[in-house]
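Peer 1: Provided herewith: protein-v8.pdb, PDB, C-alpha atoms.
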MODEL        1
ATOM      1  CA  MET A   1      74.135  30.454  95.503
ATOM      2  CA  THR A   2      75.650  31.907  98.617
ATOM      3  CA  PHE A   3      74.171  34.082 101.301
ATOM      4  CA  LEU A   4      76.176  37.176 102.028
ATOM      5  CA  PRO A   5      75.810  39.816 104.705
ATOM      6  CA  ALA A   6      73.691  42.803 103.688
ATOM      7  CA  GLY A   7      75.425  45.118 101.264
ATOM      8  CA  THR A   8      78.316  42.774 100.464
ATOM      9  CA  ARG A   9      77.029  42.065  96.990
ATOM     10  CA  GLN A  10      77.162  45.752  96.116
ATOM     11  CA  ALA A  11      80.514  46.242  97.781
ATOM     12  CA  MET A  12      81.869  43.442  95.605
ATOM     13  CA  HIS A  13      80.337  44.709  92.412
ATOM     14  CA  GLY A  14      81.225  48.347  92.864
ATOM     15  CA  ARG A  15      79.262  51.456  93.625
ATOM     16  CA  GLY A  16      77.117  51.697  90.532
ATOM     17  CA  SER A  17      75.624  48.225  90.488
ATOM     18  CA  ARG A  18      72.472  48.954  92.477
ATOM     19  CA  TRP A  19      71.356  51.295  89.679
ATOM     20  CA  LEU A  20      71.546  48.536  87.076
ATOM     21  CA  THR A  21      69.719  45.590  88.620
ATOM     22  CA  LYS A  22      66.590  44.345  86.845
ATOM     23  CA  ARG A  23      64.443  45.905  89.568
ATOM     24  CA  ALA A  24      66.276  49.207  89.259
ATOM     25  CA  ILE A  25      65.854  49.304  85.491
ATOM     26  CA  ILE A  26      62.109  48.630  85.739
ATOM     27  CA  ALA A  27      61.969  51.459  88.287
ATOM     28  CA  HIS A  28      63.914  53.812  85.960
ATOM     29  CA  ILE A  29      61.583  53.081  83.037
ATOM     30  CA  THR A  30      58.465  53.540  85.170
ATOM     31  CA  LEU A  31      59.747  56.844  86.523
ATOM     32  CA  ALA A  32      60.664  58.012  83.023
ATOM     33  CA  ILE A  33      57.019  57.510  82.005
ATOM     34  CA  TRP A  34      55.515  58.680  85.298
ATOM     35  CA  ILE A  35      57.193  62.097  85.635
ATOM     36  CA  PRO A  36      56.277  63.439  82.159
ATOM     37  CA  GLY A  37      52.796  61.958  82.610
ATOM     38  CA  CYS A  38      52.301  63.850  85.864
ATOM     39  CA  ALA A  39      53.717  67.035  84.348
ATOM     40  CA  VAL A  40      51.332  66.869  81.376
ATOM     41  CA  ALA A  41      48.362  66.112  83.637
ATOM     42  CA  ALA A  42      49.244  68.977  86.004
ATOM     43  CA  TRP A  43      49.558  71.394  83.077
ATOM     44  CA  TRP A  44      46.210  70.215  81.689
ATOM     45  CA  GLN A  45      44.548  70.827  85.080
ATOM     46  CA  VAL A  46      46.116  74.308  85.325
ATOM     47  CA  GLY A  47      44.474  75.016  81.967
ATOM     48  CA  ILE A  48      41.114  73.801  83.287
ATOM     49  CA  ALA A  49      41.505  75.904  86.448
ATOM     50  CA  LEU A  50      42.387  79.039  84.460
ATOM     51  CA  GLY A  51      39.356  78.277  82.285
ATOM     52  CA  GLY A  52      37.171  78.944  85.328
ATOM     53  CA  ASN A  53      36.638  75.498  86.852
ATOM     54  CA  GLY A  54      37.877  75.809  90.443
ATOM     55  CA  LEU A  55      38.192  72.026  90.830
ATOM     56  CA  GLY A  56      41.171  72.243  88.471
ATOM     57  CA  TRP A  57      43.274  73.913  91.196
ATOM     58  CA  VAL A  58      42.802  70.892  93.453
ATOM     59  CA  TYR A  59      44.122  68.556  90.799
ATOM     60  CA  SER A  60      46.879  70.872  89.607
ATOM     61  CA  VAL A  61      48.374  70.628  93.110
ATOM     62  CA  MET A  62      47.745  66.888  93.301
ATOM     63  CA  TRP A  63      49.522  65.838  90.115
ATOM     64  CA  PRO A  64      52.903  67.313  91.122
ATOM     65  CA  CYS A  65      52.428  65.446  94.429
ATOM     66  CA  PHE A  66      52.034  62.207  92.465
ATOM     67  CA  GLY A  67      55.242  63.006  90.613
ATOM     68  CA  LEU A  68      57.076  63.700  93.876
ATOM     69  CA  PHE A  69      55.797  60.478  95.468
ATOM     70  CA  GLY A  70      56.893  58.537  92.400
ATOM     71  CA  THR A  71      60.402  59.944  92.756
ATOM     72  CA  ILE A  72      60.547  59.048  96.451
ATOM     73  CA  PHE A  73      59.295  55.506  95.733
ATOM     74  CA  TRP A  74      61.891  55.162  92.988
ATOM     75  CA  TRP A  75      64.632  56.114  95.463
ATOM     76  CA  PHE A  76      63.386  53.505  97.932
ATOM     77  CA  LEU A  77      63.177  50.806  95.242
ATOM     78  CA  ILE A  78      66.767  51.460  94.218
ATOM     79  CA  HIS A  79      68.066  51.403  97.779
ATOM     80  CA  ASP A  80      66.200  48.385  99.149
ATOM     81  CA  ASP A  81      68.670  45.837 100.439
ATOM     82  CA  PRO A  82      68.815  43.144  97.721
ATOM     83  CA  GLU A  83      69.241  40.471 100.402
ATOM     84  CA  THR A  84      65.711  41.203 101.610
ATOM     85  CA  LEU A  85      64.080  41.110  98.154
ATOM     86  CA  GLY A  86      62.426  38.484  96.000
ATOM     87  CA  ALA A  87      62.910  34.784  96.654
ATOM     88  CA  ARG A  88      65.955  35.501  98.826
ATOM     89  CA  GLY A  89      63.892  37.885 100.919
ATOM     90  CA  VAL A  90      61.039  35.398 101.286
ATOM     91  CA  ARG A  91      63.496  32.692 102.413
ATOM     92  CA  GLN A  92      65.139  35.053 104.852
ATOM     93  CA  GLN A  93      61.766  36.083 106.238
ATOM     94  CA  ARG A  94      60.593  32.444 106.588
ATOM     95  CA  ALA A  95      63.790  31.482 108.372
ATOM     96  CA  LEU A  96      63.513  34.405 110.785
ATOM     97  CA  GLN A  97      59.882  33.551 111.510
ATOM     98  CA  ALA A  98      60.672  29.885 112.038
ATOM     99  CA  LEU A  99      63.378  30.874 114.498
ATOM    100  CA  ALA A 100      60.981  33.239 116.239
ATOM    101  CA  ALA A 101      58.310  30.545 116.470
ATOM    102  CA  GLU A 102      60.822  28.072 117.897
ATOM    103  CA  ALA A 103      62.219  30.449 120.469
ATOM    104  CA  PRO A 104      59.540  30.134 123.203
ATOM    105  CA  SER A 105      59.812  26.333 123.230
ATOM    106  CA  ARG A 106      63.562  26.466 123.804
ATOM    107  CA  GLY A 107      63.360  27.005 127.538
ATOM    108  CA  PRO A 108      64.019  23.704 129.298
ATOM    109  CA  VAL A 109      60.974  22.233 131.015
ATOM    110  CA  ALA A 110      62.128  19.887 133.754
ATOM    111  CA  GLY A 111      60.934  16.313 133.464
ATOM    112  CA  SER A 112      59.184  16.812 130.165
ATOM    113  CA  PRO A 113      60.187  15.363 126.828
ATOM    114  CA  VAL A 114      60.264  18.891 125.445
ATOM    115  CA  ALA A 115      63.493  19.444 127.366
ATOM    116  CA  GLU A 116      65.177  16.841 125.184
ATOM    117  CA  GLN A 117      64.186  18.611 122.019
ATOM    118  CA  PRO A 118      66.709  21.491 121.912
ATOM    119  CA  ASP A 119      69.702  19.170 122.204
ATOM    120  CA  ASP A 120      68.326  16.952 119.519
ATOM    121  CA  MET A 121      67.684  19.972 117.297
ATOM    122  CA  THR A 122      71.199  21.296 117.883
ATOM    123  CA  THR A 123      72.760  17.949 116.993
ATOM    124  CA  ARG A 124      70.700  17.638 113.865
ATOM    125  CA  LEU A 125      71.497  21.217 112.873
ATOM    126  CA  ALA A 126      75.235  20.656 113.356
ATOM    127  CA  GLN A 127      74.987  17.484 111.270
ATOM    128  CA  ALA A 128      73.077  19.296 108.518
ATOM    129  CA  GLU A 129      75.569  22.160 108.518
ATOM    130  CA  ALA A 130      78.485  19.761 108.216
ATOM    131  CA  ASP A 131      76.785  18.200 105.193
ATOM    132  CA  ASP A 132      75.936  21.481 103.536
ATOM    133  CA  PRO A 133      78.334  24.442 103.669
ATOM    134  CA  GLU A 134      75.715  26.649 102.025
ATOM    135  CA  LEU A 135      73.310  26.023 104.892
ATOM    136  CA  ALA A 136      76.093  26.721 107.382
ATOM    137  CA  ALA A 137      76.840  30.031 105.668
ATOM    138  CA  TYR A 138      73.158  30.952 105.679
ATOM    139  CA  ASN A 139      72.787  30.128 109.351
ATOM    140  CA  ALA A 140      75.864  32.193 110.129
ATOM    141  CA  TYR A 141      74.260  35.047 108.231
ATOM    142  CA  LEU A 142      71.018  34.693 110.205
ATOM    143  CA  ALA A 143      73.000  34.636 113.428
ATOM    144  CA  SER A 144      74.782  37.844 112.422
ATOM    145  CA  LEU A 145      71.397  39.434 111.691
ATOM    146  CA  ALA A 146      70.140  38.390 115.104
ATOM    147  CA  ASP A 147      73.268  39.729 116.789
ATOM    148  CA  ARG A 148      72.981  43.051 115.029
ATOM    149  CA  ASP A 149      69.319  43.421 115.998
ATOM    150  CA  ASN A 150      70.004  42.524 119.606
ATOM    151  CA  GLY A 151      73.142  44.618 119.929
TER     152      GLY A 151
ATOM    153  CA  MET B   1      77.213  55.145  99.848
ATOM    154  CA  ALA B   2      73.937  55.114 101.757
ATOM    155  CA  ALA B   3      73.178  51.943 103.724
ATOM    156  CA  PRO B   4      70.557  49.770 101.993
ATOM    157  CA  PHE B   5      67.042  49.791 103.428
ATOM    158  CA  GLN B   6      66.333  46.687 105.467
ATOM    159  CA  LEU B   7      62.788  45.526 104.774
ATOM    160  CA  LYS B   8      60.947  44.212 107.802
ATOM    161  CA  PRO B   9      58.396  41.424 107.341
ATOM    162  CA  ALA B  10      54.795  42.551 106.974
ATOM    163  CA  ASP B  11      52.795  42.540 110.183
ATOM    164  CA  ARG B  12      49.125  42.898 111.026
ATOM    165  CA  ARG B  13      49.293  46.643 111.566
ATOM    166  CA  VAL B  14      50.568  47.202 108.023
ATOM    167  CA  LEU B  15      47.952  44.780 106.674
ATOM    168  CA  LEU B  16      45.114  46.545 108.495
ATOM    169  CA  ARG B  17      46.289  49.990 107.400
ATOM    170  CA  TYR B  18      46.456  48.820 103.810
ATOM    171  CA  ARG B  19      43.020  47.185 103.884
ATOM    172  CA  VAL B  20      41.327  50.256 105.363
ATOM    173  CA  LEU B  21      42.878  52.530 102.735
ATOM    174  CA  ALA B  22      42.129  50.096  99.884
ATOM    175  CA  TYR B  23      38.450  49.861 100.801
ATOM    176  CA  THR B  24      38.076  53.589 101.417
ATOM    177  CA  THR B  25      39.583  54.633  98.096
ATOM    178  CA  ALA B  26      37.676  51.868  96.281
ATOM    179  CA  VAL B  27      34.297  52.925  97.708
ATOM    180  CA  LEU B  28      34.943  56.624  97.058
ATOM    181  CA  LEU B  29      35.980  55.866  93.476
ATOM    182  CA  ILE B  30      32.862  53.766  92.858
ATOM    183  CA  ILE B  31      30.668  56.603  94.164
ATOM    184  CA  LEU B  32      32.596  59.098  92.056
ATOM    185  CA  VAL B  33      32.385  57.122  88.807
ATOM    186  CA  PHE B  34      28.919  55.579  89.096
ATOM    187  CA  VAL B  35      27.045  58.377  90.896
ATOM    188  CA  GLY B  36      29.060  61.581  90.553
ATOM    189  CA  VAL B  37      29.910  61.420  86.869
ATOM    190  CA  PRO B  38      26.359  60.504  85.660
ATOM    191  CA  LEU B  39      24.954  63.350  87.791
ATOM    192  CA  GLN B  40      27.489  65.730  86.280
ATOM    193  CA  ILE B  41      26.697  64.668  82.729
ATOM    194  CA  TRP B  42      22.913  64.373  82.820
ATOM    195  CA  ASP B  43      21.915  66.674  85.663
ATOM    196  CA  ASN B  44      24.831  69.124  85.579
ATOM    197  CA  ASN B  45      25.028  68.538  89.321
ATOM    198  CA  LEU B  46      28.647  68.984  90.392
ATOM    199  CA  TRP B  47      28.694  68.681  94.164
ATOM    200  CA  ILE B  48      29.434  64.916  94.374
ATOM    201  CA  VAL B  49      32.229  65.219  91.827
ATOM    202  CA  ARG B  50      33.709  68.162  93.760
ATOM    203  CA  ILE B  51      33.636  66.623  97.223
ATOM    204  CA  VAL B  52      34.192  62.942  96.467
ATOM    205  CA  GLY B  53      36.686  63.674  93.701
ATOM    206  CA  THR B  54      38.858  65.772  95.988
ATOM    207  CA  MET B  55      38.603  63.244  98.815
ATOM    208  CA  HIS B  56      39.489  60.361  96.531
ATOM    209  CA  GLY B  57      42.409  62.288  95.057
ATOM    210  CA  TYR B  58      44.072  63.001  98.382
ATOM    211  CA  LEU B  59      43.200  59.660  99.958
ATOM    212  CA  TYR B  60      44.782  58.023  96.924
ATOM    213  CA  LEU B  61      48.041  59.754  97.875
ATOM    214  CA  VAL B  62      47.809  58.109 101.302
ATOM    215  CA  TYR B  63      46.846  54.799  99.664
ATOM    216  CA  LEU B  64      49.991  55.009  97.538
ATOM    217  CA  VAL B  65      52.243  55.366 100.584
ATOM    218  CA  VAL B  66      50.522  52.604 102.560
ATOM    219  CA  ALA B  67      50.295  50.168  99.608
ATOM    220  CA  PHE B  68      53.934  50.819  98.701
ATOM    221  CA  GLU B  69      55.099  49.996 102.212
ATOM    222  CA  PHE B  70      52.871  46.907 102.412
ATOM    223  CA  THR B  71      53.828  45.448  99.021
ATOM    224  CA  ARG B  72      57.526  45.980  99.688
ATOM    225  CA  ARG B  73      57.270  44.250 103.030
ATOM    226  CA  LEU B  74      55.362  41.387 101.371
ATOM    227  CA  ARG B  75      58.192  41.093  98.806
ATOM    228  CA  VAL B  76      55.808  41.637  95.908
ATOM    229  CA  PRO B  77      57.845  41.778  92.667
ATOM    230  CA  LEU B  78      58.066  45.280  91.203
ATOM    231  CA  LEU B  79      56.101  44.354  88.074
ATOM    232  CA  TRP B  80      53.158  43.392  90.327
ATOM    233  CA  MET B  81      53.638  46.309  92.692
ATOM    234  CA  ILE B  82      52.954  48.844  89.931
ATOM    235  CA  PRO B  83      49.465  47.465  89.050
ATOM    236  CA  VAL B  84      48.596  47.298  92.770
ATOM    237  CA  LEU B  85      49.500  50.972  93.192
ATOM    238  CA  LEU B  86      47.555  51.963  90.078
ATOM    239  CA  ALA B  87      44.558  49.836  91.157
ATOM    240  CA  GLY B  88      43.415  52.732  93.347
ATOM    241  CA  THR B  89      42.418  54.649  90.205
ATOM    242  CA  VAL B  90      40.325  51.945  88.480
ATOM    243  CA  PRO B  91      36.877  51.129  89.918
ATOM    244  CA  PHE B  92      36.763  47.712  91.700
ATOM    245  CA  CYS B  93      40.459  46.997  91.048
ATOM    246  CA  ALA B  94      41.560  48.097  94.513
ATOM    247  CA  ILE B  95      39.188  45.501  96.013
ATOM    248  CA  VAL B  96      40.642  42.746  93.817
ATOM    249  CA  ALA B  97      44.179  43.832  94.736
ATOM    250  CA  GLU B  98      43.218  43.826  98.417
ATOM    251  CA  ARG B  99      41.953  40.221  98.167
ATOM    252  CA  LEU B 100      45.112  39.037  96.370
ATOM    253  CA  LEU B 101      47.473  40.770  98.779
ATOM    254  CA  THR B 102      45.610  39.608 101.873
ATOM    255  CA  ARG B 103      45.879  36.031 100.591
ATOM    256  CA  ARG B 104      49.579  36.517  99.954
ATOM    257  CA  TYR B 105      49.966  37.894 103.470
ATOM    258  CA  GLU B 106      48.186  34.859 104.929
ATOM    259  CA  ARG B 107      50.414  32.511 102.938
ATOM    260  CA  MET B 108      53.568  34.275 104.046
ATOM    261  CA  VAL B 109      52.844  35.336 107.591
ATOM    262  CA  GLY B 110      49.895  33.136 108.600
ATOM    263  CA  SER B 111      46.273  34.001 109.179
ATOM    264  CA  ASP B 112      44.934  36.003 112.097
ATOM    265  CA  ALA B 113      43.808  32.747 113.704
ATOM    266  CA  GLN B 114      47.416  31.948 114.554
ATOM    267  CA  PRO B 115      48.693  32.922 117.984
ATOM    268  CA  GLU B 116      50.542  36.174 118.467
ATOM    269  CA  MET B 117      53.997  35.988 116.924
ATOM    270  CA  ALA B 118      56.972  35.736 119.206
ATOM    271  CA  PRO B 119      59.548  38.559 119.100
ATOM    272  CA  ALA B 120      60.941  38.728 115.570
ATOM    273  CA  VAL B 121      64.450  37.847 116.648
ATOM    274  CA  PRO B 122      65.043  35.108 119.221
ATOM    275  CA  GLN B 123      67.362  35.692 122.126
ATOM    276  CA  PRO B 124      70.540  33.614 121.796
TER     277      PRO B 124
ENDMDL
END
The structure given in the file should be rewritten as structure tokens.
Peer 2:
Amino acid sequence: MTFLPAGTRQAMHGRGSRWLTKRAIIAHITLAIWIPGCAVAAWWQVGIALGGNGLGWVYSVMWPCFGLFGTIFWWFLIHDDPETLGARGVRQQRALQALAAEAPSRGPVAGSPVAEQPDDMTTRLAQAEADDPELAAYNAYLASLADRDNG
Amino acid sequence: MAAPFQLKPADRRVLLRYRVLAYTTAVLLIILVFVGVPLQIWDNNLWIVRIVGTMHGYLYLVYLVVAFEFTRRLRVPLLWMIPVLLAGTVPFCAIVAERLLTRRYERMVGSDAQPEMAPAVPQP
């Protein structure tokens, strides 16, 4: 498994692929049930409202709102960056948080053993990256993320 | 082609927003189902159903938005996200969902006892 910059996977697989991932297909099916469901419920409430129960008007406005929200959510689900989802997303998030947690201790403190730590960490990281090209690629990806956010 | 949406990690603000909405909709729904509906059926008294029903309906719309944002940021799989969103319409389920998601948040991000997080992205 390789870690690629955001959007690369889709660029490689062509334009249509984001509509056919497992997540996308679950979203399509849910929307296909949700929209008719909301339409039927709204129509039912319009009937109740016309029958003289004023509360029906409240719900006959609400159900189309549910349908609209469902459509917006569906759009978001389709367009979420796959690199930030699922296990990949959790790993990415953990790595970013670990980096963030490390950051304050990076400043050199004169005469304290903590000052030694960054060098040691850097050496070990370089060693680990040399052993594992996948890790090196992932770290490069994280660095690119950091650069983009800072820039 | 539109740029993909970058999901940020969940933070405490999103967690708090979600918990407030989950509890509010849950309590309103419990009042509606266990007080309002019996009064409507046996006493033909409609005012609780009218007021609480309307409030729950529109707060549920807000709950949907907040829970959607929170579950996406927590990387909840879609097949679990759907029950969490629907939990706002079943009495007591929103409270169960709130417990599960808060635990997931604590596993992923750490509990409130931890010190304030450093800036999300370290300076090079």
Peer 1: Report, in Å with one decimal, the straight-line distance from CA of Ser60 in chain A to CA of Val40 in chain A.
Peer 2: 10.2 Å
Peer 1: To one decimal place, how far is CA of Arg75 in chain B from CA of Ala87 in chain A in Å?
Peer 2: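 Computed distance, CA of Arg75 in chain B to CA of Ala87 in chain A, equals 8.2 Å.
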Peer 1: When the ChimeraX specification (/B :<7) & /A is applied to the structure above, which residues does it catch, written out as a list in words?
Peer 2: Gly7, Arg23, Leu55, Val58, His79, Asp80, Asp81, Thr84, Leu85, Gly86, Gly89, Val90, Gln93, Leu96, Gln97, Leu99, Ala100, Ala101, Ala103 and Ala146 of chain A
Peer 1: Between A:Ala27, A:Pro36, A:Thr21, A:Met62, which residue has the minimum interatomic distance to His56 in chain B, considering only C-alpha atoms?
Peer 2: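 Smallest distance to His56 in chain B is found for A:Met62.
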Peer 1: Take the PyMOL selection byres ((chain B and resi 18) around 10), run it mentally on this structure, and tell me the resulting residues as a short mmCIF file (atom, residue, chain, number, x, y, z; two decimals) with C-alpha atoms, in the coordinates of the input.
Peer 2:
data_model
loop_
_atom_site.label_atom_id
_atom_site.label_comp_id
_atom_site.auth_asym_id
_atom_site.auth_seq_id
_atom_site.Cartn_x
_atom_site.Cartn_y
_atom_site.Cartn_z
CA ARG B 12 49.12 42.90 111.03
CA ARG B 13 49.29 46.64 111.57
CA VAL B 14 50.57 47.20 108.02
CA LEU B 15 47.95 44.78 106.67
CA LEU B 16 45.11 46.54 108.50
CA ARG B 17 46.29 49.99 107.40
CA ARG B 19 43.02 47.18 103.88
CA VAL B 20 41.33 50.26 105.36
CA LEU B 21 42.88 52.53 102.74
CA ALA B 22 42.13 50.10 99.88
CA TYR B 23 38.45 49.86 100.80
CA THR B 24 38.08 53.59 101.42
CA VAL B 62 47.81 58.11 101.30
CA TYR B 63 46.85 54.80 99.66
CA LEU B 64 49.99 55.01 97.54
CA VAL B 65 52.24 55.37 100.58
CA VAL B 66 50.52 52.60 102.56
CA ALA B 67 50.30 50.17 99.61
CA PHE B 68 53.93 50.82 98.70
CA GLU B 69 55.10 50.00 102.21
CA PHE B 70 52.87 46.91 102.41
CA THR B 71 53.83 45.45 99.02
CA GLU B 98 43.22 43.83 98.42
CA LEU B 101 47.47 40.77 98.78
CA THR B 102 45.61 39.61 101.87
#
Peer 1: Please evaluate the PyMOL selection byres ((chain A and resi 19) around 12) against the structure above and give the resulting residues as a compact mmCIF listing (two decimals) with C-alpha atoms, keeping the file's coordinate frame.
Peer 2:
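Final output, saved to result-v1.txt:
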# COMPACT_ATOMS: atom_id res chain seq x y z
CA GLN A 10 77.16 45.75 96.12
CA HIS A 13 80.34 44.71 92.41
CA GLY A 14 81.22 48.35 92.86
CA ARG A 15 79.26 51.46 93.62
CA GLY A 16 77.12 51.70 90.53
CA SER A 17 75.62 48.22 90.49
CA ARG A 18 72.47 48.95 92.48
CA LEU A 20 71.55 48.54 87.08
CA THR A 21 69.72 45.59 88.62
CA LYS A 22 66.59 44.34 86.84
CA ARG A 23 64.44 45.90 89.57
CA ALA A 24 66.28 49.21 89.26
CA ILE A 25 65.85 49.30 85.49
CA ILE A 26 62.11 48.63 85.74
CA ALA A 27 61.97 51.46 88.29
CA HIS A 28 63.91 53.81 85.96
CA ILE A 29 61.58 53.08 83.04
CA TRP A 74 61.89 55.16 92.99
CA TRP A 75 64.63 56.11 95.46
CA PHE A 76 63.39 53.50 97.93
CA LEU A 77 63.18 50.81 95.24
CA ILE A 78 66.77 51.46 94.22
CA HIS A 79 68.07 51.40 97.78
CA ASP A 80 66.20 48.38 99.15
CA PRO A 82 68.82 43.14 97.72
Peer 1: In Å to one decimal, how far is CA of Ala39 in chain A from CA of Trp80 in chain B?
Peer 2: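 Atom-to-atom, CA of Trp80 in chain B and CA of Ala39 in chain A are spaced 24.4 Å apart.
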Peer 1: Extract, using all atoms listed in the file, all DNA, RNA and protein residues at most 8 Å from Gly36 in chain B, discarding same-chain residues fewer than 6 positions from it, and format them as an MDAnalysis selection string.
Peer 2: chainID B and resid 46:49 52
Peer 1: Please produce an output containing C-alpha atoms for each residue in the selection, written as an mmCIF file, in the coordinates of the input.
Peer 2:
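Generated file (result20.cif):
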data_model
loop_
_atom_site.group_PDB
_atom_site.id
_atom_site.type_symbol
_atom_site.label_atom_id
_atom_site.label_comp_id
_atom_site.auth_asym_id
_atom_site.auth_seq_id
_atom_site.Cartn_x
_atom_site.Cartn_y
_atom_site.Cartn_z
ATOM 1 C CA LEU B 46 28.647 68.984 90.392
ATOM 2 C CA TRP B 47 28.694 68.681 94.164
ATOM 3 C CA ILE B 48 29.434 64.916 94.374
ATOM 4 C CA VAL B 49 32.229 65.219 91.827
ATOM 5 C CA VAL B 52 34.192 62.942 96.467
#
